[in-house]
Structure formats: C-alpha cells, structure tokens
Amino acid sequence: MKFRDAVEFSLASLRKRRLRTFLTASGVMIGIGALVSMISFGTGMQKNVTEAFKASDLFNTLMVMPGGPDVPSHDPDQPGRSVPSGGRRDAVLDDTAVSEIARIPGVRLAYPDVNFPALIGLGEKEEFRLVQVVPAAIAASGALKMGWGKAYSSDDEEGVVVSQSLLRRLGKVEPGAAVGQKLRITSVSIDLGKLASIDLAAVFSGQGFPVATESYDFPILGVTETTAFGGGPSPVQNEVLIPPGTARRIKRLPMTSIWDLFRMRSGRLGYSTVSVKLESLRDLERVKSRVGDMGYTTFALADQFEQVTKGFYFMDMVLAAVGMIAIVVAALGIVNTMVMSILERYREIGVMKAVGAGDGDVKRIFFFESAAIGLLGGAGGCVLGWAVSLVINRIVNFYTARQGMPYIDFFAFPVWIFAGALGFALLVSLVSGIYPARRAARVDPVVALRHD
Amino acid sequence: MMNNPPIIQIRSIAKTYIIGRVRVAALEDVTLSVGEGRFVAISGSSGSGKSTLLNLLGGLDTPSAGTIEVAGALISAMDRNTLARYRRHQVGMIFQSFNLIPSRTALENVELPLIFSNVDKKERKHRAVELLEKVGLSHRGGHRPMELSGGEQQRVAVARALANNPRLLLADEPTGNLDSHTAKEIVGLLAELNRSRNLTVVLVSHEEGLVREYAQEVVRLRDGRVVGMESWA
C-alpha cells in the first residue's frame with residue numbers, strides 16, 4: 001500500500017465520522033493549547049527579564065565590596081539579603097581604592113554606590129527615600145530610561161533625576177509638568193551645637209540625639225520611565241538620583257546604617273559597594289580576579305543570571321507538567337476513539353484482509369488516522385493557545401495600566417513553540433495509536449467476515 | 001476425473017477449533033485436488049465444513065494438520081505476510097453477504113484490492129471501470145452498495161475479486177441471499193469467467209440444480225469429511 005493511499009484512506013474514514021473526529025481532536029487541542037500558552041508564558045517572562053538585564057547594562061557590571069563578614073542589607077526593598085563575604089578584613093573601599101580599580105584594564109568606569117536616606121518633598125507631599133549618588137557618566141548612559149526631560153550632564157550640575165513612580169506618590173500624575181520644578185531634599189546630620197551639651201545618659205535611653213535636619217531645593221532635570229522589570233539588583237534602582245559633586249554639598253551622616261559603624265573600627269569607613277562597568281563581558285573574569293587580589297569581594301550579575309535562567313527553566317517545567325495532564329487525558333481520548341473505530345469497522349478490516357491487505361497495511365491505516373487526529377488537534381491547539389494568551393495579556397495589561405505599569409507582553413511566541421507543539425501532538429497521537437493499530441492488525445479475517 | 005494439471009493439492013488436512021473447552025473438528029482428513037481451469041462445486045449441509053475448507057483455500061486461515069498447495073506454493077506453511085500476498089495476487093473471493101464496504105462506491109470497492117497491491121491511482125480507476133463493464137455494471141460505478149440490488153452488489157463483489165487477475169476464484173454460497181433468477185445469473189457469470197479466462201472456480205453451494213447446470217464436478221462433504229466426488233464434464 002502506497003503512503004499516499006494510506007493517508008487518503010485514513011482521512012476518508014475520519015471524514016466519515018466528523019463529529020467524533022472533531023471531539024477527539026478537541027481534546028488534543030485543549031491539551032496542546034494549555035501547553036502552548038503555558039510555555040509561551042514562561043518564555044515571555046524569561047525574555048522580558050533578559051531584555052531588562054541587557055537594557056540596563058547589568059551584564060557588564062561588577063559589584064565590588066570590602067572584605068569581611070556578611071553585612072545584612074540595608075536596602076528597605078530587600079530585607080534579609082546579605083552581601084557575600086570574602087576578601088581581606090582590612091581592605092577598605094575608599095577613593096584611592098576606587099581610582100585604583102578604575103585603572104585596571106578593561107574597566108570603563110568605577111564609582112562608589114553612595115546613597116543616603118532623605119525626606120523627599122514636592123509641594124505639600126513628602127516621602128522617605130534613599131537618594132542615590134550616581135555619576136553623570138552613568139546617568140547619561142542608556143541604563144536610565146528617560147521619559148521626560150534629560151539626565152544631568154556633569155557631576156556638579158545643580159539638579160536631580162526622579163522616577164515616574166515617585167512623582168506619582170508625590171501627587172504628580174503628569175511627569176512632563178514636573179520637569180523644572182523644585183524637589184526638596186531634607187537630610188539628617190549631627191547638630192554640632194548640641195554636641196557640647198550632650199547628656200549621654202539620655203542618649204543611651206534613646207532620647208536627646210544631637211540630630212539636625214537641613215533642606216535643599218534642586219530642580220528636577222528629568223523623569224525616568226517606570227520599567228516593568230526594572231527592579232532587581234540594579235545600581236540605578238532608586239528613585240532620586242543626584243550627581244556626586246552636588247551631593248557633596250548636602251550635609252548628612254557618612255553612613256546609611258548602624259552596620260557601617262562596625263566597619264569603622266579601623267578608623268576608615270570606605271564605601272560599602274563600588275560599581276564597576278566593564279568594557280565588555282569578556283573582561284569579567286580577569287577584572288574579577290584582579291579586584292579579588294586587592295582583597296575585595298566581587299559579585300557579578302552575569303554569574304547570577306545563570307541562576308535566574310535556571311529558575312525560569314524550573315518554572316517552564318512546572319508549567320509544562322500542568323499542560324501534560326491535559327495531554328495525557330487527550331491521549332486516552334485518542335486511544336478510546338481508535339478502539340471504538342476498530343470495533344465499528346471490524347468487518348471492514350476483515351474485508352480489507354480478504355482482498356489482500358497485510359497486517360502492516362491495516363496497522364498503517366489506523367496509525368495514520370491517529371496521527372491525523374493529533375495533527376489536527378495540534379494545529380488547533382496552537383491557534384487556541386495563542387488566542388487565549390492574547391486575551392489574558394489584554395486583560396492583565398488592562399489592569400496593570402490602571403496602576404501605572406507600562407504595557408508588557410507576558411507571552412512570547414517564537415516559532416519553535418508552534419513547531420514543537422505540532423511535533424509533540426504528532427508524537428502523542430502516534431504513541432496513542434500504537435495499541436489500536438496493533439489490535440486492528442491482529443483482527444482474524446475469518447471471524448471478522450462472519451461478524452455482523 | 002480431470003485432464004488438467006492440478007492447481008490445488010490438498011493432502012489429508014484437518015481443522016479443529018477450540019470453542020470454550022470443547023474441541024470441534026471442522027475438517028478431518030480431507031484430501032482432494034482441483035485441475036487448473038476447472039469449475040468445482042463443494043456441497044454439503046450446514047456445518048459440514050465447506051466454508052472452512054474455502055477459507056483455508058483462500059488463505060484466510062491455516063489448517064491444523066496436513067498441507068495445501070496452490071499453484072505450486074505451500075500455503076499451509078506461509079507466515080501472515082506471505083499469506084496476505086497470496087490473497088492479494090492468487091485468489092479472489094466472494095461471499096454470501098457480498099462484504100462490500102458500505103461507505104465506498106461500487107467503483108471504489110473494486111479498486112480496493114489494487115490499493116493494496118500498489119497500483120497507481122489512474123491505472124486503478126481504469127481497471128476498475130473495465131471490470132465493472134465486464135460484470136455489466138458500468139453505469140452503476142458511482143453508487144454505494146446500499147443503492148444497489150443484491151444481484152448488483154454480488155456483481156461488484158465479483159469484479160472486485162477479479163481486480164488483481166487471480167488464478168483462483170472462491171465463492172462461498174454467493175447465491176444464498178439472492179432470488180433464484182439472480183442466483184442463476186451470478187453462477188452463470190462465474191461459469192462464463194471460468195471459460196473465457198481459464199479461471200479455476202471453487203463454488204460452495206447446496207443448490208443442486210445450479211451445481212448440476214454450471215459446475216463440472218462436485219465434492220460432497222459431511223461432518224468434515226469428503227463423502228463423495230462426482231465429475232461430469
């Protein structure tokens with residue numbers, strides 16, 4: 001029997017039982033549809049995060065920290081996250097160290113991650129935030145997505161950059177209108193006047209700290225757009241950015257947390273983190289070992305990204321497992337339909353054998369029928385999965401847009417998803433067809449021809 | 001008894017079925033031979049084993065003991081695939097209940113054996129049309145079995161049996177579902193094919209009149225044994 005004849009034979013009998021074929025294929029369609037939308041969701045999330053990483057230049061970033069024991073994070077967004085330990089205890093990250101690191105070949109830029117807590121005010125409204133000191137070279141690079149206005153162009157420019165989300169908290173819905181307005185930064189410092197008459201007993205019971213606050217006004221130069229996956233360990237995650245020269249003029253405590261006091265034992269505090277921008281990712285290992293030799297701890301996001309990728313892989317697996325349940329049910333549906341079909345066509349199988357069909361011919365006819373159901377369901381499943389994802393994406397974005405989030409494609413549909421889905425549907429249907437095809441081939445023609 | 005060299009040689013075959021726990025002997029120690037180009041009838045009452053004998057000759061079943069040789073090939077020793085090839089090329093079979101595939105037209109039913117012998121679609125159709133013409137049904141090719149009379153259906157079945165140009169035509173009570181007039185026509189058609197194509201025909205029938213009129217010899221079975229043979233032409 002020729003291949004084409006077997007295909008025509010199979011399609012003819014599927015056409016004859018349209019409703020049943022459609023229902024069985026629907027089972028496959030739902031299973032494959034679930035699988036397609038779940039995997040495309042996993043792929044979409046991975047794509048979004050990878051692109052966010054790439055856009056913010058994080059792959060080329062190396063974080064350098066002083067040696068010594070772990071210090072709990074003082075980042076209010078990530079409590080409990082601690083800085084990795086290693087390196088030498090006495091290696092202090094001061095300005096000399098920063099310029100030394102900056103001179104290592106392959107390093108484009110090294111700058112300390114300095115931030116300080118402040119009360120941010122715009123008109124009547126106020127919010128507590130960490131003000132981040134970021135060099136103009138970084139602020140002006142592509143790492144910041146400027147939505148309105150522009151970043152400062154020198155390290156001494158009088159002005160700040162704020163995020164869209166902070167502006168919203170401060171009651172400014174229209175970010176463009178905020179450009180040029182004055183932002184009030186109120187910092188905490190030690191009141192030198194009170195130091196002379198300090199009552200130590202009161203200080204130890206938590207009262208009478210010699211604290212003073214001072215307010216500064218800076219024009220808002222630019223507003224950064226909120227990105228969907230902006231968070232994470234980014235050097236520019238904070239919501240108020242100020243150039244280093246300008247920041248130096250603000251009176252404030254030389255530390256952001258009590259932990260910094262422990263590191264002051266040697267008399268020198270130094271910076272808690274220095275961000276190092278590399279010329280290219282190829283320099284990473286070399287720069288890492290050079291900095292390590294200097295006694296500092298290093299932390300590369302490129303290394304961590306592998307962990308992130310593994311996490312997504314795991315997520316994909318879980319989503320696929322859910323889809324697999326639907327596939328197993330669909331496969332049983334195919335087996336059921338095919339076995340029914342054999343019983344119905346018992347006599348027909350007998351006739352085919354009587355006129356010369358071999359076991360292989362009969363097997364092939366039933367196998368192809370099963371495959372056709374699988375392909376039909378697979379193709380339908382691709383369309384269904386795609387359509388459902390589209391609808392879910394619309395609905396989710398409708399709600400996130402109301403909360404000020406930008407539009408995100410939660411689902412990604414590379415060609416391999418569809419090709420894989422079709423291939424998988426075919427595979428499942430072929431496996432489902434094995435038993436029915438064998439059973440059909442074993443039909444005894446003598447019995448079948450007597451059959452009514 | 002016959003002048004032609006034998007195309008069928010059956011040597012002391014037996015066929016037993018096991019139904020539940022009981023052994024039922026359908027055929028016991030049957031030996032006979034059929035000359036090429038002969039028209040042989042097998043007669044006997046129901047349960048005498050004549051259908052079983054025909055199924056064995058048609059390669060649908062294998063004997064429990066003994067040997068069957070058809071056209072020089074030992075079909076009693078063939079495996080399933082070789083047997084399928086034998087059915088495809090050496091034998092054509094027709095049945096009491098016609099056994100046409102209801103969902104296919106007369107023409108498609110005639111084409112069926114040609115599909116399994118890898119004949120081209122065009123050639124298939126050409127041959128099927130020719131065969132339907134031969135059995136006098138060229139105008140009914142597009143009809144499904146349900147739309148045909150019993151006699152017409154049996155003619156389609158005859159055309160189908162001839163599709164692969166077999167040397168042997170086996171007919172299992174082909175007139176059982178037909179009125180006497182149509183029955184005569186069908187057996188007449190078989191006799192005509194026997195003469196014009198030198199086709200060996202084995203007809204299972206208990207209609208003595210038809211057998212007498214068209215066949216050349218008769219083998220009588222009772223309880224699975226040959227109880228008589230008679231030849232008159």
# chains A, B, ... in the order shown; residues from 1 in each chain; ligands from 1

call {"tool": "select_by_dssp", "arguments": {"residues": "range 291-364 of chain A", "states": "strand (DSSP E or B)", "output": "MDAnalysis selection string"}}
result
chainID A and resid 297:300

call {"tool": "residues_around", "arguments": {"residues": "range 403-419 of chain A", "least_positions_apart": "2", "cutoff": "10 Å", "atoms": "only C-alpha atoms", "output": "number ranges by chain"}}
result
A: 32, 35-48, 164-165, 168, 173, 225-229, 378-379, 381-383, 385-386, 389-390, 392-394, 396-401, 421-425

call {"tool": "atom_distance", "arguments": {"atom1": "CA of Gly292 in chain A", "atom2": "CA of Leu269 in chain A"}}
result
19.2 Å

call {"tool": "interface_residues", "arguments": {"of": "chain B", "to": "chain A", "cutoff": "7 Å", "atoms": "only C-alpha atoms", "output": "short mmCIF file (atom, residue, chain, number, x, y, z; two decimals) with C-alpha atoms, in the first residue's frame"}}
result
data_model
loop_
_atom_site.label_atom_id
_atom_site.label_comp_id
_atom_site.auth_asym_id
_atom_site.auth_seq_id
_atom_site.Cartn_x
_atom_site.Cartn_y
_atom_site.Cartn_z
CA LEU B 60 -7.74 -16.59 5.48
CA ASP B 61 -6.97 -19.43 7.85
CA ASN B 81 2.69 -11.60 5.41
CA ALA B 84 -1.52 -11.71 2.64
CA ARG B 85 0.49 -11.52 -0.56
CA ARG B 87 -4.55 -13.47 -1.03
CA ARG B 88 -3.66 -10.32 -2.91
CA ASN B 99 -18.94 -7.93 2.01
CA ILE B 101 -17.52 -1.60 2.17
CA PRO B 113 -7.52 -4.80 -3.81
CA ILE B 115 -4.69 -0.21 -3.47
CA PHE B 116 -3.05 -3.00 -1.50
CA SER B 117 -1.06 -4.15 -4.50
CA ASN B 118 0.39 -0.67 -5.04
#

call {"tool": "residues_around", "arguments": {"residues": "range 10-20 of chain B", "least_positions_apart": "2", "cutoff": "7 Å", "atoms": "only C-alpha atoms", "output": "list of chain:residue names"}}
result
B:Ile8, B:Val22, B:Arg23, B:Val24, B:Ala25, B:Ala26, B:Leu27, B:Glu28, B:Asp29, B:Val30, B:Thr31, B:Leu32, B:Ser33, B:Pro63, B:Ser64, B:Ala65, B:Gly66, B:Thr67, B:Ile68, B:Glu69

call {"tool": "closest_residue", "arguments": {"among": "B:Asn177, B:Thr182, B:Gln153, B:Ser196", "to": "Gln96 in chain B", "atoms": "only C-alpha atoms"}}
result
B:Asn177

call {"tool": "residues_around", "arguments": {"residues": "range 123-140 of chain A", "least_positions_apart": "4", "cutoff": "8 Å", "atoms": "only C-alpha atoms", "output": "PyMOL selection string"}}
result
chain A and resi 111+113-119+144+151-155+169-171+236+238-244+247

call {"tool": "write_last_selection", "arguments": {"atoms": "N, CA and C atoms", "output": "PDB file, in the first residue's frame"}}
result
ATOM      1  N   TYR A 111      32.657  53.507  40.185  1.00  0.00           N
ATOM      2  CA  TYR A 111      32.131  54.583  41.037  1.00  0.00           C
ATOM      3  C   TYR A 111      31.470  53.969  42.253  1.00  0.00           C
ATOM      4  N   ASP A 113      28.841  53.198  45.130  1.00  0.00           N
ATOM      5  CA  ASP A 113      27.386  53.274  45.281  1.00  0.00           C
ATOM      6  C   ASP A 113      27.109  53.982  46.586  1.00  0.00           C
ATOM      7  N   VAL A 114      26.814  55.248  46.466  1.00  0.00           N
ATOM      8  CA  VAL A 114      26.551  56.021  47.668  1.00  0.00           C
ATOM      9  C   VAL A 114      25.084  56.382  47.685  1.00  0.00           C
ATOM     10  N   ASN A 115      24.460  56.161  48.801  1.00  0.00           N
ATOM     11  CA  ASN A 115      23.094  56.654  48.934  1.00  0.00           C
ATOM     12  C   ASN A 115      22.859  57.058  50.372  1.00  0.00           C
ATOM     13  N   PHE A 116      21.898  57.919  50.555  1.00  0.00           N
ATOM     14  CA  PHE A 116      21.598  58.353  51.925  1.00  0.00           C
ATOM     15  C   PHE A 116      20.089  58.540  52.049  1.00  0.00           C
ATOM     16  N   PRO A 117      19.570  58.270  53.263  1.00  0.00           N
ATOM     17  CA  PRO A 117      18.135  58.429  53.453  1.00  0.00           C
ATOM     18  C   PRO A 117      17.760  59.902  53.538  1.00  0.00           C
ATOM     19  N   ALA A 118      16.646  60.231  52.956  1.00  0.00           N
ATOM     20  CA  ALA A 118      16.219  61.625  52.988  1.00  0.00           C
ATOM     21  C   ALA A 118      14.707  61.690  52.879  1.00  0.00           C
ATOM     22  N   LEU A 119      14.184  62.844  53.259  1.00  0.00           N
ATOM     23  CA  LEU A 119      12.762  63.088  53.110  1.00  0.00           C
ATOM     24  C   LEU A 119      12.613  63.908  51.829  1.00  0.00           C
ATOM     25  N   LEU A 144      19.494  54.430  32.087  1.00  0.00           N
ATOM     26  CA  LEU A 144      18.277  55.082  32.564  1.00  0.00           C
ATOM     27  C   LEU A 144      17.348  55.305  31.389  1.00  0.00           C
ATOM     28  N   ALA A 151      18.849  63.670  31.617  1.00  0.00           N
ATOM     29  CA  ALA A 151      19.693  63.451  32.789  1.00  0.00           C
ATOM     30  C   ALA A 151      20.711  64.588  32.900  1.00  0.00           C
ATOM     31  N   TYR A 152      21.348  64.716  34.095  1.00  0.00           N
ATOM     32  CA  TYR A 152      22.382  65.743  34.248  1.00  0.00           C
ATOM     33  C   TYR A 152      23.607  65.350  33.437  1.00  0.00           C
ATOM     34  N   SER A 153      24.322  66.384  32.941  1.00  0.00           N
ATOM     35  CA  SER A 153      25.432  66.082  32.039  1.00  0.00           C
ATOM     36  C   SER A 153      26.797  66.239  32.707  1.00  0.00           C
ATOM     37  N   SER A 154      26.835  66.825  33.906  1.00  0.00           N
ATOM     38  CA  SER A 154      28.120  66.867  34.618  1.00  0.00           C
ATOM     39  C   SER A 154      27.918  66.478  36.076  1.00  0.00           C
ATOM     40  N   ASP A 155      29.020  66.097  36.730  1.00  0.00           N
ATOM     41  CA  ASP A 155      28.917  65.627  38.111  1.00  0.00           C
ATOM     42  C   ASP A 155      28.633  66.755  39.099  1.00  0.00           C
ATOM     43  N   ARG A 169       3.651  59.145  43.573  1.00  0.00           N
ATOM     44  CA  ARG A 169       3.445  59.132  45.029  1.00  0.00           C
ATOM     45  C   ARG A 169       3.404  60.546  45.601  1.00  0.00           C
ATOM     46  N   LEU A 170       4.109  61.426  44.899  1.00  0.00           N
ATOM     47  CA  LEU A 170       4.144  62.805  45.383  1.00  0.00           C
ATOM     48  C   LEU A 170       3.009  63.634  44.795  1.00  0.00           C
ATOM     49  N   GLY A 171       2.108  62.942  44.108  1.00  0.00           N
ATOM     50  CA  GLY A 171       0.904  63.616  43.642  1.00  0.00           C
ATOM     51  C   GLY A 171       1.010  64.238  42.263  1.00  0.00           C
ATOM     52  N   VAL A 236      20.856  51.317  39.623  1.00  0.00           N
ATOM     53  CA  VAL A 236      20.084  52.553  39.474  1.00  0.00           C
ATOM     54  C   VAL A 236      18.617  52.327  39.818  1.00  0.00           C
ATOM     55  N   ASN A 238      17.120  53.182  42.574  1.00  0.00           N
ATOM     56  CA  ASN A 238      16.499  54.169  43.442  1.00  0.00           C
ATOM     57  C   ASN A 238      15.777  55.257  42.663  1.00  0.00           C
ATOM     58  N   GLU A 239      15.022  55.995  43.413  1.00  0.00           N
ATOM     59  CA  GLU A 239      14.058  56.844  42.728  1.00  0.00           C
ATOM     60  C   GLU A 239      14.470  58.312  42.656  1.00  0.00           C
ATOM     61  N   VAL A 240      15.520  58.665  43.402  1.00  0.00           N
ATOM     62  CA  VAL A 240      16.063  60.018  43.281  1.00  0.00           C
ATOM     63  C   VAL A 240      17.555  59.890  42.998  1.00  0.00           C
ATOM     64  N   LEU A 241      17.999  60.458  41.903  1.00  0.00           N
ATOM     65  CA  LEU A 241      19.415  60.382  41.532  1.00  0.00           C
ATOM     66  C   LEU A 241      20.013  61.783  41.571  1.00  0.00           C
ATOM     67  N   ILE A 242      21.211  61.829  42.108  1.00  0.00           N
ATOM     68  CA  ILE A 242      21.850  63.137  42.247  1.00  0.00           C
ATOM     69  C   ILE A 242      23.313  63.000  41.835  1.00  0.00           C
ATOM     70  N   PRO A 243      23.894  64.000  41.143  1.00  0.00           N
ATOM     71  CA  PRO A 243      25.310  63.894  40.750  1.00  0.00           C
ATOM     72  C   PRO A 243      26.235  64.013  41.959  1.00  0.00           C
ATOM     73  N   PRO A 244      27.410  63.366  41.959  1.00  0.00           N
ATOM     74  CA  PRO A 244      28.292  63.311  43.129  1.00  0.00           C
ATOM     75  C   PRO A 244      28.737  64.682  43.650  1.00  0.00           C
ATOM     76  N   ALA A 247      25.960  66.279  45.460  1.00  0.00           N
ATOM     77  CA  ALA A 247      25.648  65.548  46.687  1.00  0.00           C
ATOM     78  C   ALA A 247      26.617  65.919  47.808  1.00  0.00           C
TER      79      ALA A 247
END

call {"tool": "closest_residue", "arguments": {"among": "A:Val28, A:Met146, A:Val329, A:Leu430", "to": "Arg364 in chain A", "atoms": "only C-alpha atoms"}}
result
A:Leu430

call {"tool": "residues_around", "arguments": {"residues": "Arg197 in chain B", "least_positions_apart": "6", "cutoff": "12 Å", "atoms": "only C-alpha atoms", "output": "MDAnalysis selection string"}}
result
chainID B and resid 36:39 162 165:169 189:191

call {"tool": "residues_around", "arguments": {"residues": "Val211 in chain B", "least_positions_apart": "3", "cutoff": "10 Å", "atoms": "only C-alpha atoms", "output": "list in words"}}
result
Phe39, Val40, Ala41, Ile42, Ser43, Val187, Leu203, Val204, Ser205, His206, Glu207, Glu208, Tyr214, Ala215, Gln216, Glu217 and Val218 of chain B

call {"tool": "residues_around", "arguments": {"residues": "Leu183 in chain A", "least_positions_apart": "4", "cutoff": "7 Å", "atoms": "only C-alpha atoms", "output": "list of chain:residue names"}}
result
A:Gly121, A:Leu122, A:Asp217, A:Phe218, A:Pro219, A:Ile220

call {"tool": "atom_distance", "arguments": {"atom1": "CA of Glu8 in chain A", "atom2": "CA of Arg160 in chain B"}}
result
19.6 Å

call {"tool": "atom_distance", "arguments": {"atom1": "CA of Glu213 in chain B", "atom2": "CA of Val70 in chain B"}}
result
26.3 Å
